[in-house]
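Q: Before I ask anything, here is the structure I am working with.
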Amino acid sequence: MRLRFIAVAGCVGVLVFGVAACGDDDDNGGGGGGASTGAATAGGGGGETVKIYSSLPLQGASKDQTAAMVQGIELALEEAGGTAGDVTVEYESLDDSTAQAGNWDPGQTAQNARKVAQDDKAIGYIGEFNSGASAISIPIINEAGIPQVSPANTYVGLTTDEPGSEQGEPAKYYPTGKRTYLRIVPRDTIQSAALLTQMKQDGCTKVAVANDKETYGAGLARLMEIQAPDIGGIEIVTNEGIDKAAANFRSFAANIKSKGADCFFFAGVTANGAVQIFKDVAAALPEAKLYGPDGVCESGFTNPSKGGIPKSIAPRFKCSVATLDLQSYPGGQEFLDAFSAKYGNDNPDPYAIYGYEAMKLFLDTLAGLGDKATDREAVLQALFDTKDRDSVLGTYSFDENGDTTLTSYGIYEVGDDGNPVFASAVEAQGAEQ
Amino acid sequence: MGATVQELLSKYGLIALLLVLPVVYGIQDLRDDGNLAGIANNLFDGLSNGAIIALIAVGYTLVYGIIELINFAHGEVFMIGSFTAVAFWGLIGLGLGSSVIGLVLGLLLTLLVAMATCGGMNVMIERVAYRPLRGAPKLAPLITAVGMSFILQNVGLLWLGGSPKSVDDLIRAQDDLFTVIGINVSRADLLAFAVTVPLVVLLTLFVTRARLGKAMRATAQDPEAARLMGINVDTTISLTFLIGGMMAGAAGLTYALYQTTIWFFQGFQAGLLAFTAAVMGGIGNLRGAVLGGLIIGCIQQISDNRISPSWTPAIVFAYLILIMVFRPQGLLGEETREAG
């Protein structure tokens, strides 16, 4: 009996040790498992109350980007005094990730979308961060007729049937037949062309591509294959979907070495084996240049202290994000000043400005509608009618698919502190809107 | 006639099956390059990867052999081994700038700590979750094993978060050391063999020669008879868990140094492969587990390199199914009470 007590005590000790050892550098959500976090900000406006939700992966590798987005959203709402015209606006941040996945989760995403769809006060939905997650939430939100704005999705098939999309897209995401989804970042048609243009400038001739097999990663990799001949001078020697749980990718690396690859591109997000595949490819191809899209262009991937790639391969790595140097935007400096005043952070993640603009777009649209601000149909129409909007991101409009007319992509390198820093803007050769 | 065909298939079909991939790609290499360096490198990398799987598989097979329980928590014990090793080498200050002597001594110490931690943890798991259920229906300990697996997975999740973490490449794992007959031998390869081969040899000697090892085999064959002969069955079973856990701890450190990335889910993936290796080799059979691990490593590497990484999990398990069809008792045969 005493032995059993000692053994039980020992096991409890191990568990306590594990919990105590819980690092503070990642996933503070810990055992939360993707519960939504309430961050309601109510203002003092009169009239009716409407609610705007965001659904973003607040745990896992993307959390630095999404936390900055939520801060941007809250800043925009605070600047507006919690109101839009005569209506009071409440905001709630939902988490579409789980600690277990360390990434967005299909079940959690659907649950968030259903929660919003059942809320009569819901007038806007900001999300998702991942294109694969939006493929799940768009149909649910669409049936409820709620306007949805993504601050980060780039997969072409969500809005168009352009090359790179799959059969049946985008119609299958809109069961009502009416569009309810818009995005304020340029789609992957632009990102892919921008990356290929950068690779060509850097002297790449044979590019090996790997993708994480998700909607976003596989779609972007497909686009690279399609667009490479148009750019000219670049051959895609392989495009492989990887098993994200594989222990290593050394055989894959040896394989692309035998194909003479001089550059490597991974289409996917950090959580899907990105760090390991870059390490293995960098070791097998010591001279190769390494590239990644916005899915890995974040400190969780680039910073060794956060479990990212080692410092030794950082100088060979470049990635693309739709954001340029924040100060170069028309309202960039004001945004940075306001952000710094509220959060004490002079150097926010580039995605903060997209969260800010997504909320500001909703607030301005609601304010412009007067007493129709609680009418989802009217809000939706007004959003699609947005023309030449002067925003912190520059002047843009939406086309009939809900895509922005913005086309800028920034190339980022790894800075001395291990985080991505803006290096240059790239004009995508051959990209057509 | 049917029985003869069955016997022939069982005897030679399996060998033919295992040789299909190397032979096909060997011929392709000869045709394209005029030598066999390509396939030889694939097989060597496979053996090196498989050595880590083999160390984990040994733990599965030892436990199954003695109490006929699939210890689903074993993969997670391996994961905790990796986490412990990385935490400990950080604690004693091992880093990229450490001297060679400091590194060797530090890593040896880390190996001992990881083995002791995992061995101790495995003993406690047996004491708390399995021993009270020894007389219960077989499903009961199976469920507690699954439960322990999830508990340990959550410990890992709380410890390092949900994303894979890159760790310092202390041994510069992928630097090539030398080339023999066209095969590039890296530091990681040398590490995998340097840890696995002595441990497996020692373990085999212990089980076959040592008094306690004989007690383990006796308990595996017939616990009641072993008890009547004066063997302390409870202690023997604890010893089995201790040894299995120590092997998982060694595998944990090797994995962290070899892959240079650790995460809470690594135990599930590696555990699944190791369990497959144990079944492939013949559950309960020590040499079978090692052989199964090495074969799975080779299939993985050939598939990753020659076919497509997308297909690798499907190809590994297709092989398992075919081997089970040809030889249900595994490659070297089961060594369990049921198997006689």
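For the structure tokens, the naming scheme is as follows: chains receive sequential letters (A, B, ...) according to their order of presentation, residues are indexed from 1 within each chain, and ligands are indexed from 1 in presentation order.
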At a cut-off of 9 Å, using only C-alpha atoms, what residues contact B:Leu18? Leave out same-chain residues fewer than 3 positions from it and give the result as number ranges by chain.
A: B: 13-15, 21-22, 295, 299, 319, 323
Q: Within 9 Å of B:Glu334, counting only C-alpha atoms, which residues show up once you throw out same-chain ones fewer than 5 positions away? Write them as a ChimeraX atom specification, please.
A: /B:65,279,281-285,288,329,339-340
Q: Tell me, as an MDAnalysis selection string, which residues lie within 10 Å of B:Gln259, counting only C-alpha atoms; anything in the same chain fewer than 6 positions away does not count.
A: (chainID A and resid 247:250 276 279:280) or (chainID B and resid 49 166:167 169 173:174 188)
Q: Using only C-alpha atoms, which of B:Gly161, B:Gly34, B:Gly230, B:Gly293 sits nearest chain A?
A: B:Gly161
Q: Please build the interface table for chain B against chain A with a cut-off of 6 Å, listing for each qualifying residue the nearest atom pair and the distance in Å to one decimal; count only C-alpha atoms, order rows by chain and increasing number, and write it as JSON lines.
A:
```
{"residue": "B:Met124", "atom": "CA", "partner": "A:Ala7", "partner_atom": "CA", "distance": 5.5}
{"residue": "B:Val155", "atom": "CA", "partner": "A:Gly18", "partner_atom": "CA", "distance": 5.2}
{"residue": "B:Leu158", "atom": "CA", "partner": "A:Cys22", "partner_atom": "CA", "distance": 4.9}
{"residue": "B:Trp159", "atom": "CA", "partner": "A:Cys22", "partner_atom": "CA", "distance": 3.7}
{"residue": "B:Leu160", "atom": "CA", "partner": "A:Gly23", "partner_atom": "CA", "distance": 5.8}
{"residue": "B:Gly161", "atom": "CA", "partner": "A:Asp27", "partner_atom": "CA", "distance": 5.2}
{"residue": "B:Gly162", "atom": "CA", "partner": "A:Gly102", "partner_atom": "CA", "distance": 4.1}
{"residue": "B:Ser163", "atom": "CA", "partner": "A:Gly102", "partner_atom": "CA", "distance": 5.3}
{"residue": "B:Lys165", "atom": "CA", "partner": "A:Gly307", "partner_atom": "CA", "distance": 4.2}
{"residue": "B:Ser166", "atom": "CA", "partner": "A:Gly307", "partner_atom": "CA", "distance": 4.5}
{"residue": "B:Asp304", "atom": "CA", "partner": "A:Ser251", "partner_atom": "CA", "distance": 5.6}
{"residue": "B:Asn305", "atom": "CA", "partner": "A:Ser251", "partner_atom": "CA", "distance": 4.7}
{"residue": "B:Pro309", "atom": "CA", "partner": "A:Ile242", "partner_atom": "CA", "distance": 5.5}
{"residue": "B:Ser310", "atom": "CA", "partner": "A:Ile242", "partner_atom": "CA", "distance": 5.3}
```
Q: Given the selection you just returned, output its residues as a file containing all heavy atoms, formatted as a compact mmCIF listing (two decimals), in the first residue's frame.
A:
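Dumped to result.txt:
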```txt
# COMPACT_ATOMS: atom_id res chain seq x y z
N MET B 124 7.02 3.75 -12.84
CA MET B 124 5.89 4.35 -12.12
C MET B 124 4.58 4.14 -12.88
O MET B 124 3.54 3.87 -12.28
CB MET B 124 6.14 5.84 -11.92
CG MET B 124 7.12 6.12 -10.79
SD MET B 124 7.05 7.83 -10.29
CE MET B 124 7.77 8.64 -11.67
N VAL B 155 1.47 16.65 -21.03
CA VAL B 155 2.63 17.17 -20.29
C VAL B 155 3.60 17.81 -21.29
O VAL B 155 4.10 18.93 -21.10
CB VAL B 155 3.33 16.06 -19.48
CG1 VAL B 155 4.67 16.55 -18.94
CG2 VAL B 155 2.45 15.60 -18.33
N LEU B 158 2.20 21.12 -22.59
CA LEU B 158 2.35 22.22 -21.64
C LEU B 158 3.81 22.63 -21.51
O LEU B 158 4.13 23.79 -21.27
CB LEU B 158 1.82 21.79 -20.27
CG LEU B 158 0.30 21.67 -20.17
CD1 LEU B 158 -0.10 20.97 -18.89
CD2 LEU B 158 -0.33 23.06 -20.22
N TRP B 159 4.67 21.69 -21.68
CA TRP B 159 6.10 21.92 -21.47
C TRP B 159 6.67 22.82 -22.58
O TRP B 159 7.28 23.84 -22.33
CB TRP B 159 6.81 20.58 -21.42
CG TRP B 159 8.25 20.61 -20.97
CD1 TRP B 159 9.10 21.67 -20.95
CD2 TRP B 159 9.00 19.50 -20.47
NE1 TRP B 159 10.32 21.30 -20.47
CE2 TRP B 159 10.29 19.97 -20.17
CE3 TRP B 159 8.72 18.16 -20.26
CZ2 TRP B 159 11.29 19.13 -19.68
CZ3 TRP B 159 9.71 17.34 -19.76
CH2 TRP B 159 10.99 17.82 -19.47
N LEU B 160 6.46 22.42 -23.82
CA LEU B 160 7.11 23.15 -24.93
C LEU B 160 6.13 23.74 -25.94
O LEU B 160 6.55 24.25 -26.97
CB LEU B 160 8.08 22.22 -25.66
CG LEU B 160 9.48 22.08 -25.06
CD1 LEU B 160 10.34 21.24 -25.98
CD2 LEU B 160 10.14 23.43 -24.84
N GLY B 161 4.83 23.64 -25.66
CA GLY B 161 3.87 24.21 -26.59
C GLY B 161 3.56 23.27 -27.75
O GLY B 161 4.11 22.18 -27.86
N GLY B 162 2.66 23.74 -28.64
CA GLY B 162 2.14 22.86 -29.67
C GLY B 162 2.96 22.79 -30.95
O GLY B 162 2.71 21.95 -31.79
N SER B 163 3.96 23.66 -31.09
CA SER B 163 4.71 23.68 -32.35
C SER B 163 6.04 22.97 -32.20
O SER B 163 6.61 22.94 -31.12
CB SER B 163 4.99 25.11 -32.77
OG SER B 163 3.83 25.87 -32.76
N LYS B 165 9.86 22.45 -32.05
CA LYS B 165 10.90 23.38 -31.61
C LYS B 165 12.26 22.93 -32.15
O LYS B 165 12.67 21.79 -31.95
CB LYS B 165 11.00 23.39 -30.09
CG LYS B 165 9.76 23.91 -29.40
CD LYS B 165 9.71 25.42 -29.46
CE LYS B 165 8.43 25.93 -28.85
NZ LYS B 165 8.06 27.24 -29.31
N SER B 166 12.92 23.83 -32.82
CA SER B 166 14.26 23.54 -33.29
C SER B 166 15.22 23.63 -32.10
O SER B 166 15.10 24.54 -31.29
CB SER B 166 14.64 24.58 -34.35
OG SER B 166 15.92 24.35 -34.82
N ASP B 304 10.67 7.99 -49.55
CA ASP B 304 10.88 9.45 -49.53
C ASP B 304 11.72 9.90 -50.71
O ASP B 304 11.45 10.90 -51.36
CB ASP B 304 11.64 9.86 -48.25
CG ASP B 304 10.69 10.07 -47.07
OD1 ASP B 304 9.48 9.90 -47.26
OD2 ASP B 304 11.18 10.39 -45.97
N ASN B 305 12.77 9.14 -50.98
CA ASN B 305 13.75 9.56 -51.99
C ASN B 305 13.33 9.20 -53.40
O ASN B 305 13.56 9.97 -54.33
CB ASN B 305 15.10 8.92 -51.66
CG ASN B 305 16.22 9.56 -52.45
OD1 ASN B 305 16.70 8.97 -53.40
ND2 ASN B 305 16.60 10.76 -52.07
N PRO B 309 7.45 11.65 -50.76
CA PRO B 309 7.20 11.69 -49.32
C PRO B 309 5.70 11.59 -48.99
O PRO B 309 5.33 11.12 -47.93
CB PRO B 309 7.74 13.06 -48.89
CG PRO B 309 8.68 13.47 -49.98
CD PRO B 309 8.18 12.84 -51.23
N SER B 310 4.85 12.03 -49.95
CA SER B 310 3.41 11.97 -49.71
C SER B 310 2.94 10.54 -49.50
O SER B 310 1.95 10.29 -48.83
CB SER B 310 2.63 12.54 -50.90
OG SER B 310 3.18 13.72 -51.34
```
Q: Identify which of the residues B:Ala278, B:Ile52, B:Ile237, B:Met247 lies closest to B:Ala192, counting only C-alpha atoms when measuring atom-to-atom distances.
A: B:Ile52
Q: Check the DSSP output for the backbone and give back, as an MDAnalysis selection string, the residues of stretch 212-386 of chain A in strand (DSSP E).
A: chainID A and resid 235:241 263:267 289:292 317:321
Q: In Å, with one decimal, what is the gap from atom CA of B:Leu69 to atom CA of B:Thr84?
A: 25.7 Å
Q: List as an MDAnalysis selection string the protein and nucleic acid residues near A:Ser150, meaning an atom at most 8 Å away when only C-alpha atoms are counted, but skip any in the same chain fewer than 2 places from it.
A: chainID A and resid 126:129 148 152:153 181:185 358
